[in-house]
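Written out below as structure tokens is the structure these notes cover.
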Amino acid sequence: MNDLETFREQAHRVVEMMVEYFRNIEDFPVKAQVRPGEILDRLPHFPPEKSEEMDQILRDYGKKILPGMTHWQSPNFFAYFPANSSFPSVLAEMLTATLGAQCMIWETSPAAAELEERMMQWLIRMTGLPASWEGVIQDTASTATLVALLTAREKKTGYRINEEGYSGNEKFRVYASTETHSSIEKAVRIAGFGRKNLVKCLVRDDLSLDPSDLRQRIEADLRRGYTPLAVVGTLGTTSTTAIDPLEEIAAISRDYGLWLHIDAALAGSALILPEYRWMIRGIEEADSFVFNPHKWLFTNFDCSAYFVKDKEALIHTFEILPEYLKTPTRGQVNDYRDWGIPLGRRFRALKLWFVIRSFGVEGLQAMLREHLRLARWVSDQVDQDPLFERLAPVPLNTVTFRLRPSGRNEEELDPLNAALLEAVNRSGKAYFTHTRIKGKYAIRFMIGQTHTREHHVIAAWERIRRTALSLI
Ligand SMILES: *Cc1c(COP(=O)(O)O)cnc(C)c1O
């Protein structure tokens, strides 16, 4: 530890770089403007044999790496869904990195396990999820959904497939809508159900799952000898933030004894607003629920909050107990390695603690309400502008629309809108991505970045309009 003084000096320099980064973040092109291989070409083919100066490493970071980054913390980031950080979250991540702890079981870091337990209880209180449920932090919603489907499978079979493997006679079916996230299909494949056994139900006009179609497909599957296993409902689809009708899906799940998993990766954060709690009416009937504080709750990736009704089923599915992990505290505490797939776990509860305390629930609510207000503003601009057409309802923070000048036929619109998106992104001043809605190419305007304020949204909309006018 004799170079602690050097570490102090370098750490202070890194903090200065962090501050300058946030100060100047709007000077960088939001979307990285590099071609494939450009960064690779700047990096030596072989690792250094001898120690290099931190000065040099930091200079290269600025010169070679930063220009190849897309700036997710830019207030002009309107693409995908956000992957937010915030200042308190960054501070906690610095401490987590410093501790470098493996938080796999209670004994390997009791405070990490108990803070995680309390933070999951806080999130339950903040979101209105059932008070009797329990939560655990997973790396991503993708992992949480896989964990949900595996638990559903094991509970259904009396934990037999974990023991014996598939007999070959199982014909499990999992249901979701055509708008469901790709991670559901991935989970179905990994769980061994087979991609063809993910049944995609029709959506209604607002792009939410049609419960009558769900019921019909389950009935049809039963007649054909399949075993309906689980339904995945989405609150806030990735394309348009459509909200599946939880109460009706829950009633169907109950009728057929299906596991009901809710994917609320983005929209779960909105549950901290009482006016959005209607989204989880019927949640008591569900079995599991995931949302990502690393999306819209200002907490660095990775931090996915996974909640279950039946903790025992989860643990029964994943626990494994080699001699070297046996501890005398087992049974009195949460050993989170039994609550999911990886053994090793980062200390992720700390950043949630910092974020929730630092903003307070009211502060978090105010930020979300502002994003939602700005999304309604964009939606109004689109609706009032004869050049543009909105392509889906806006229940949350994402507006989907396209440029549609009069006199253009349908085939011209997709390439025109792709050109508009490309031109705006090339400016470096804002970053948007696209989707396809009922076959139509749509630009997505997502408002949810930590630092986005009204003037950023107005400027971005003006840029879209000006660019559109230059293209038609
Ligand atoms: C972002 C998203 C996911 C995937 O989230 P990860 O945490 O990256 O796995 C899943 N479902 C929905 C609806 C999403 O928006």
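Identifiers for the structure tokens are assigned positionally: chains receive A, B, ... in sequence, residues are indexed from 1 per chain, and ligands are indexed from 1 in the order shown.
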Residues near Phe291 of chain A, anyone? I mean within 10 Å using only C-alpha atoms, not counting same-chain ones fewer than 4 positions away, as a PyMOL selection string. chain A and resi 137-138+140-141+144+235+262-269+295-297+303-307
Would you mind writing down, as a list in words, each residue of segment 164-202 of chain A that DSSP on the backbone assigns to strand (DSSP E or B)? Phe172, Arg173, Val174, Tyr175, Ala176, Ser177, Leu198, Val199, Lys200 and Cys201 of chain A
Would you export the selected residues with all heavy atoms as a short mmCIF file (atom, residue, chain, number, x, y, z; two decimals), in the first residue's frame, please?
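And here's out-v6.cif as it stands now:
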data_model
loop_
_atom_site.label_atom_id
_atom_site.label_comp_id
_atom_site.auth_asym_id
_atom_site.auth_seq_id
_atom_site.Cartn_x
_atom_site.Cartn_y
_atom_site.Cartn_z
N PHE A 172 -44.45 -27.98 -23.11
CA PHE A 172 -44.77 -26.72 -22.44
C PHE A 172 -45.00 -25.60 -23.44
O PHE A 172 -44.32 -25.51 -24.47
CB PHE A 172 -43.62 -26.31 -21.51
CG PHE A 172 -43.44 -27.22 -20.34
CD1 PHE A 172 -42.19 -27.76 -20.04
CD2 PHE A 172 -44.53 -27.57 -19.54
CE1 PHE A 172 -42.03 -28.60 -18.97
CE2 PHE A 172 -44.36 -28.42 -18.46
CZ PHE A 172 -43.10 -28.94 -18.17
N ARG A 173 -45.93 -24.74 -23.09
CA ARG A 173 -46.21 -23.56 -23.92
C ARG A 173 -46.13 -22.31 -23.06
O ARG A 173 -46.60 -22.30 -21.91
CB ARG A 173 -47.62 -23.65 -24.51
CG ARG A 173 -47.80 -24.86 -25.42
CD ARG A 173 -47.11 -24.69 -26.74
NE ARG A 173 -48.08 -24.46 -27.81
CZ ARG A 173 -47.74 -24.39 -29.09
NH1 ARG A 173 -46.47 -24.49 -29.47
NH2 ARG A 173 -48.67 -24.18 -30.00
N VAL A 174 -45.51 -21.29 -23.61
CA VAL A 174 -45.40 -20.00 -22.94
C VAL A 174 -46.07 -18.96 -23.84
O VAL A 174 -45.90 -19.00 -25.06
CB VAL A 174 -43.92 -19.63 -22.69
CG1 VAL A 174 -43.79 -18.23 -22.10
CG2 VAL A 174 -43.25 -20.65 -21.78
N TYR A 175 -46.82 -18.04 -23.23
CA TYR A 175 -47.61 -17.08 -24.00
C TYR A 175 -47.15 -15.65 -23.72
O TYR A 175 -46.83 -15.31 -22.58
CB TYR A 175 -49.10 -17.21 -23.64
CG TYR A 175 -49.60 -18.63 -23.81
CD1 TYR A 175 -49.42 -19.57 -22.80
CD2 TYR A 175 -50.19 -19.04 -25.00
CE1 TYR A 175 -49.82 -20.88 -22.96
CE2 TYR A 175 -50.61 -20.36 -25.17
CZ TYR A 175 -50.42 -21.28 -24.15
OH TYR A 175 -50.81 -22.57 -24.31
N ALA A 176 -47.12 -14.88 -24.77
CA ALA A 176 -46.82 -13.44 -24.64
C ALA A 176 -47.42 -12.79 -25.87
O ALA A 176 -47.99 -13.48 -26.72
CB ALA A 176 -45.31 -13.22 -24.58
N SER A 177 -47.30 -11.48 -26.00
CA SER A 177 -47.90 -10.83 -27.17
C SER A 177 -46.86 -10.72 -28.28
O SER A 177 -45.67 -10.96 -28.08
CB SER A 177 -48.41 -9.43 -26.81
OG SER A 177 -47.38 -8.48 -26.96
N LEU A 198 -43.09 -20.75 -27.85
CA LEU A 198 -43.49 -19.41 -27.41
C LEU A 198 -44.64 -18.98 -28.32
O LEU A 198 -44.46 -18.81 -29.52
CB LEU A 198 -42.33 -18.42 -27.51
CG LEU A 198 -42.72 -16.96 -27.23
CD1 LEU A 198 -43.27 -16.79 -25.82
CD2 LEU A 198 -41.52 -16.03 -27.44
N VAL A 199 -45.81 -18.85 -27.73
CA VAL A 199 -47.00 -18.54 -28.51
C VAL A 199 -47.24 -17.03 -28.42
O VAL A 199 -47.43 -16.49 -27.33
CB VAL A 199 -48.22 -19.30 -27.94
CG1 VAL A 199 -49.47 -18.99 -28.76
CG2 VAL A 199 -47.93 -20.80 -27.91
N LYS A 200 -47.19 -16.40 -29.58
CA LYS A 200 -47.35 -14.93 -29.57
C LYS A 200 -48.80 -14.56 -29.89
O LYS A 200 -49.30 -14.85 -30.97
CB LYS A 200 -46.38 -14.30 -30.56
CG LYS A 200 -44.94 -14.45 -30.08
CD LYS A 200 -44.02 -13.46 -30.73
CE LYS A 200 -42.63 -13.56 -30.12
NZ LYS A 200 -41.63 -12.80 -30.88
N CYS A 201 -49.44 -13.93 -28.92
CA CYS A 201 -50.85 -13.59 -29.05
C CYS A 201 -51.00 -12.26 -29.78
O CYS A 201 -50.11 -11.40 -29.75
CB CYS A 201 -51.49 -13.46 -27.67
SG CYS A 201 -51.34 -14.99 -26.72
#
Leaving out Leu403 of chain A and any residue of its chain fewer than 5 positions from it, which residues lie within 9 Å of it when counting only C-alpha atoms, given as a VMD selection string? chain A and resid 387 to 390 413 416 to 417 420 442 to 443 468
Shell of 12 Å around Ala242 of chain A, only C-alpha atoms, local chain residues under 2 positions omitted, as a VMD selection string: chain A and resid 177 to 181 203 to 210 233 to 240 244 to 246 263 to 264 266 to 267 279 392 to 400 437
Please save N, CA and C atoms of the selected residues as a tab-separated table (two decimals), in the first residue's frame.
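File written: selection-v3.tsv
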chain	number	residue	atom	x	y	z
A	177	SER	N	-47.30	-11.48	-26.00
A	177	SER	CA	-47.90	-10.83	-27.17
A	177	SER	C	-46.86	-10.72	-28.28
A	178	THR	N	-47.33	-10.35	-29.46
A	178	THR	CA	-46.41	-10.16	-30.59
A	178	THR	C	-45.45	-9.00	-30.33
A	179	GLU	N	-45.77	-8.15	-29.35
A	179	GLU	CA	-44.94	-6.98	-29.06
A	179	GLU	C	-43.93	-7.26	-27.94
A	180	THR	N	-43.89	-8.51	-27.49
A	180	THR	CA	-43.06	-8.83	-26.34
A	180	THR	C	-41.57	-8.64	-26.64
A	181	HIS	N	-40.79	-8.44	-25.62
A	181	HIS	CA	-39.35	-8.21	-25.79
A	181	HIS	C	-38.64	-9.49	-26.24
A	203	VAL	N	-52.36	-8.51	-30.67
A	203	VAL	CA	-52.52	-7.31	-29.85
A	203	VAL	C	-53.74	-6.53	-30.32
A	204	ARG	N	-54.25	-5.70	-29.41
A	204	ARG	CA	-55.38	-4.85	-29.74
A	204	ARG	C	-54.86	-3.61	-30.47
A	205	ASP	N	-55.77	-2.71	-30.77
A	205	ASP	CA	-55.38	-1.54	-31.54
A	205	ASP	C	-54.28	-0.72	-30.85
A	206	ASP	N	-54.30	-0.71	-29.51
A	206	ASP	CA	-53.28	0.07	-28.78
A	206	ASP	C	-51.99	-0.74	-28.55
A	207	LEU	N	-51.87	-1.88	-29.21
A	207	LEU	CA	-50.67	-2.73	-29.18
A	207	LEU	C	-50.48	-3.46	-27.84
A	208	SER	N	-51.53	-3.56	-27.04
A	208	SER	CA	-51.48	-4.37	-25.82
A	208	SER	C	-52.08	-5.75	-26.12
A	209	LEU	N	-51.65	-6.72	-25.33
A	209	LEU	CA	-52.08	-8.10	-25.56
A	209	LEU	C	-53.61	-8.22	-25.51
A	210	ASP	N	-54.14	-8.98	-26.45
A	210	ASP	CA	-55.59	-9.20	-26.53
A	210	ASP	C	-55.94	-10.43	-25.69
A	233	GLY	N	-46.67	-11.09	-19.29
A	233	GLY	CA	-47.34	-9.84	-19.62
A	233	GLY	C	-46.31	-8.72	-19.59
A	234	THR	N	-46.47	-7.76	-20.48
A	234	THR	CA	-45.53	-6.64	-20.52
A	234	THR	C	-46.23	-5.35	-20.11
A	235	LEU	N	-45.62	-4.65	-19.18
A	235	LEU	CA	-46.05	-3.28	-18.89
A	235	LEU	C	-45.00	-2.38	-19.53
A	236	GLY	N	-45.37	-1.71	-20.60
A	236	GLY	CA	-44.41	-0.83	-21.27
A	236	GLY	C	-43.57	-1.57	-22.29
A	237	THR	N	-44.18	-1.94	-23.42
A	237	THR	CA	-43.41	-2.66	-24.44
A	237	THR	C	-42.29	-1.77	-24.97
A	238	THR	N	-41.25	-2.41	-25.48
A	238	THR	CA	-40.07	-1.66	-25.89
A	238	THR	C	-40.34	-0.79	-27.11
A	239	SER	N	-41.21	-1.25	-27.96
A	239	SER	CA	-41.49	-0.49	-29.17
A	239	SER	C	-42.26	0.79	-28.86
A	240	THR	N	-43.37	0.67	-28.13
A	240	THR	CA	-44.27	1.82	-27.96
A	240	THR	C	-44.74	2.05	-26.52
A	244	ASP	N	-49.97	-4.16	-21.27
A	244	ASP	CA	-50.87	-5.31	-21.33
A	244	ASP	C	-51.86	-5.25	-20.17
A	245	PRO	N	-53.10	-5.72	-20.41
A	245	PRO	CA	-54.16	-5.64	-19.38
A	245	PRO	C	-53.96	-6.70	-18.31
A	246	LEU	N	-53.28	-6.31	-17.26
A	246	LEU	CA	-52.86	-7.27	-16.24
A	246	LEU	C	-54.04	-8.00	-15.58
A	263	ASP	N	-43.17	-8.43	-17.12
A	263	ASP	CA	-41.97	-7.72	-17.56
A	263	ASP	C	-42.31	-6.23	-17.64
A	264	ALA	N	-41.83	-5.50	-16.63
A	264	ALA	CA	-42.09	-4.05	-16.58
A	264	ALA	C	-40.75	-3.32	-16.59
A	266	LEU	N	-39.04	-1.11	-18.18
A	266	LEU	CA	-39.03	0.36	-18.09
A	266	LEU	C	-40.13	0.86	-17.16
A	267	ALA	N	-41.37	0.38	-17.39
A	267	ALA	CA	-42.55	1.00	-16.80
A	267	ALA	C	-42.65	0.80	-15.29
A	279	MET	N	-51.71	0.28	-13.49
A	279	MET	CA	-51.04	-0.71	-14.34
A	279	MET	C	-50.91	-2.06	-13.65
A	392	ALA	N	-48.73	5.53	-32.47
A	392	ALA	CA	-49.23	4.72	-31.34
A	392	ALA	C	-49.60	5.65	-30.21
A	393	PRO	N	-50.46	5.17	-29.30
A	393	PRO	CA	-50.76	5.98	-28.11
A	393	PRO	C	-49.49	6.21	-27.28
A	394	VAL	N	-49.55	7.17	-26.38
A	394	VAL	CA	-48.38	7.51	-25.55
A	394	VAL	C	-48.75	7.36	-24.07
A	395	PRO	N	-48.82	6.11	-23.58
A	395	PRO	CA	-49.20	5.94	-22.18
A	395	PRO	C	-48.07	6.33	-21.22
A	396	LEU	N	-46.83	6.35	-21.72
A	396	LEU	CA	-45.70	6.67	-20.84
A	396	LEU	C	-44.81	7.73	-21.47
A	397	ASN	N	-43.54	7.41	-21.65
A	397	ASN	CA	-42.56	8.45	-21.99
A	397	ASN	C	-42.00	8.34	-23.40
A	398	THR	N	-42.64	7.57	-24.27
A	398	THR	CA	-42.08	7.35	-25.60
A	398	THR	C	-43.13	7.66	-26.66
A	399	VAL	N	-42.75	8.55	-27.59
A	399	VAL	CA	-43.65	8.95	-28.66
A	399	VAL	C	-43.15	8.33	-29.96
A	400	THR	N	-44.02	7.64	-30.67
A	400	THR	CA	-43.62	7.04	-31.95
A	400	THR	C	-44.40	7.73	-33.06
A	437	ILE	N	-44.14	-0.29	-36.53
A	437	ILE	CA	-45.47	-0.39	-35.91
A	437	ILE	C	-46.48	-0.73	-36.97
Shortest interatomic distance to Glu107 of chain A - which of A:Asp335, A:Asp380, A:Glu20, A:Glu370, counting only C-alpha atoms: A:Asp335
Could you pull out the residues in segment 265-294 of chain A that DSSP calls helix (DSSP H, G or I) from the backbone, as an NGL selection string? :A and (267-272 or 274-280 or 283-285 or 293-294)
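Neighbours of Gly100 of chain A closer than or equal to 10 Å, with only C-alpha atoms counted and sequence neighbours fewer than 6 positions away skipped, come out as Met94, Arg346 and Phe347 of chain A.
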Using only C-alpha atoms and all ligand atoms for the distances, tell me which of A:Ala92, A:Val188, A:Ile243, A:Met119 is nearest to ligand 1. A:Ile243
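Residue neighbourhood of Leu91 of chain A, excluding near-sequence residues (fewer than 3 positions): Ser86, Phe87, Pro88, Met94, Leu95, Thr96, Leu350, Lys351, Phe354 and Val355 of chain A, at 10 Å, using only C-alpha atoms.
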Could the residues in this selection be saved with all heavy atoms as an mmCIF file, in the first residue's frame?
data_model
loop_
_atom_site.group_PDB
_atom_site.id
_atom_site.type_symbol
_atom_site.label_atom_id
_atom_site.label_comp_id
_atom_site.auth_asym_id
_atom_site.auth_seq_id
_atom_site.Cartn_x
_atom_site.Cartn_y
_atom_site.Cartn_z
ATOM 1 N N SER A 86 -26.711 8.589 -12.262
ATOM 2 C CA SER A 86 -26.960 9.884 -11.628
ATOM 3 C C SER A 86 -25.761 10.086 -10.715
ATOM 4 O O SER A 86 -25.018 9.142 -10.447
ATOM 5 C CB SER A 86 -28.265 9.864 -10.826
ATOM 6 O OG SER A 86 -28.182 8.895 -9.800
ATOM 7 N N PHE A 87 -25.572 11.298 -10.227
ATOM 8 C CA PHE A 87 -24.370 11.540 -9.422
ATOM 9 C C PHE A 87 -24.309 10.641 -8.187
ATOM 10 O O PHE A 87 -23.277 10.014 -7.928
ATOM 11 C CB PHE A 87 -24.242 13.021 -9.082
ATOM 12 C CG PHE A 87 -24.140 13.900 -10.309
ATOM 13 C CD1 PHE A 87 -24.698 15.162 -10.338
ATOM 14 C CD2 PHE A 87 -23.467 13.454 -11.439
ATOM 15 C CE1 PHE A 87 -24.605 15.974 -11.471
ATOM 16 C CE2 PHE A 87 -23.361 14.241 -12.584
ATOM 17 C CZ PHE A 87 -23.942 15.504 -12.598
ATOM 18 N N PRO A 88 -25.390 10.530 -7.402
ATOM 19 C CA PRO A 88 -25.289 9.628 -6.235
ATOM 20 C C PRO A 88 -25.001 8.186 -6.626
ATOM 21 O O PRO A 88 -24.263 7.479 -5.917
ATOM 22 C CB PRO A 88 -26.665 9.735 -5.569
ATOM 23 C CG PRO A 88 -27.477 10.685 -6.363
ATOM 24 C CD PRO A 88 -26.663 11.271 -7.452
ATOM 25 N N MET A 94 -18.400 3.956 -7.229
ATOM 26 C CA MET A 94 -16.982 4.106 -6.897
ATOM 27 C C MET A 94 -16.665 3.323 -5.619
ATOM 28 O O MET A 94 -15.631 2.657 -5.516
ATOM 29 C CB MET A 94 -16.634 5.591 -6.725
ATOM 30 C CG MET A 94 -16.647 6.364 -8.040
ATOM 31 S SD MET A 94 -16.722 8.156 -7.806
ATOM 32 C CE MET A 94 -15.042 8.512 -7.300
ATOM 33 N N LEU A 95 -17.576 3.412 -4.660
ATOM 34 C CA LEU A 95 -17.345 2.697 -3.398
ATOM 35 C C LEU A 95 -17.483 1.182 -3.590
ATOM 36 O O LEU A 95 -16.715 0.405 -3.022
ATOM 37 C CB LEU A 95 -18.314 3.201 -2.324
ATOM 38 C CG LEU A 95 -18.097 4.665 -1.928
ATOM 39 C CD1 LEU A 95 -19.164 5.125 -0.936
ATOM 40 C CD2 LEU A 95 -16.700 4.865 -1.333
ATOM 41 N N THR A 96 -18.448 0.779 -4.406
ATOM 42 C CA THR A 96 -18.612 -0.651 -4.694
ATOM 43 C C THR A 96 -17.341 -1.206 -5.339
ATOM 44 O O THR A 96 -16.858 -2.277 -4.977
ATOM 45 C CB THR A 96 -19.835 -0.874 -5.614
ATOM 46 O OG1 THR A 96 -21.009 -0.587 -4.863
ATOM 47 C CG2 THR A 96 -19.915 -2.305 -6.104
ATOM 48 N N LEU A 350 -26.019 -0.930 -2.940
ATOM 49 C CA LEU A 350 -25.477 0.324 -2.409
ATOM 50 C C LEU A 350 -25.909 1.522 -3.249
ATOM 51 O O LEU A 350 -26.283 2.575 -2.729
ATOM 52 C CB LEU A 350 -23.946 0.244 -2.343
ATOM 53 C CG LEU A 350 -23.278 1.367 -1.562
ATOM 54 C CD1 LEU A 350 -23.552 1.238 -0.065
ATOM 55 C CD2 LEU A 350 -21.762 1.396 -1.815
ATOM 56 N N LYS A 351 -25.867 1.347 -4.584
ATOM 57 C CA LYS A 351 -26.223 2.494 -5.443
ATOM 58 C C LYS A 351 -27.704 2.825 -5.323
ATOM 59 O O LYS A 351 -28.094 3.989 -5.381
ATOM 60 C CB LYS A 351 -25.791 2.245 -6.893
ATOM 61 C CG LYS A 351 -26.332 0.988 -7.515
ATOM 62 C CD LYS A 351 -25.591 0.643 -8.810
ATOM 63 C CE LYS A 351 -25.993 -0.731 -9.297
ATOM 64 N NZ LYS A 351 -25.185 -1.179 -10.437
ATOM 65 N N PHE A 354 -28.035 4.884 -2.172
ATOM 66 C CA PHE A 354 -27.573 6.255 -2.406
ATOM 67 C C PHE A 354 -28.615 7.048 -3.204
ATOM 68 O O PHE A 354 -28.908 8.203 -2.903
ATOM 69 C CB PHE A 354 -26.233 6.248 -3.165
ATOM 70 C CG PHE A 354 -25.020 6.142 -2.279
ATOM 71 C CD1 PHE A 354 -24.969 5.248 -1.221
ATOM 72 C CD2 PHE A 354 -23.902 6.937 -2.531
ATOM 73 C CE1 PHE A 354 -23.831 5.143 -0.419
ATOM 74 C CE2 PHE A 354 -22.768 6.847 -1.727
ATOM 75 C CZ PHE A 354 -22.730 5.954 -0.677
ATOM 76 N N VAL A 355 -29.151 6.424 -4.249
ATOM 77 C CA VAL A 355 -30.075 7.126 -5.140
ATOM 78 C C VAL A 355 -31.376 7.462 -4.411
ATOM 79 O O VAL A 355 -31.843 8.612 -4.431
ATOM 80 C CB VAL A 355 -30.361 6.281 -6.406
ATOM 81 C CG1 VAL A 355 -31.561 6.826 -7.182
ATOM 82 C CG2 VAL A 355 -29.128 6.244 -7.297
#
Tell me, as JSON, numbers by chain, which residues lie within 12 Å of segment 31-44 of chain A, counting only C-alpha atoms; anything in the same chain fewer than 4 positions away does not count. {"A": [25, 26, 27, 48, 57, 60, 61, 63, 64, 65, 66, 67, 68, 69, 70, 71, 72, 73, 74, 76, 77, 78, 79, 421, 422, 423, 424, 425, 426, 427, 428, 429, 430, 431, 432, 433]}
By how many Å are atom 11 (N, counted along the ligand's line) of ligand 1 and atom CA of Leu149 of chain A apart? 14.2 Å
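Among the candidates A:Asp302, A:Glu117, A:Glu284, A:Glu247, the one nearest to ligand 1 when counting only C-alpha atoms and all ligand atoms is A:Asp302.
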Interatomic distance, atom CA of Trp377 of chain A to atom CA of Pro29 of chain A (Å, one decimal): 24.8 Å
Among the residues A:Gly439, A:Pro415, A:Gly128, A:Pro211, the one that comes closest to Ile283 of chain A [using only C-alpha atoms]: A:Gly128
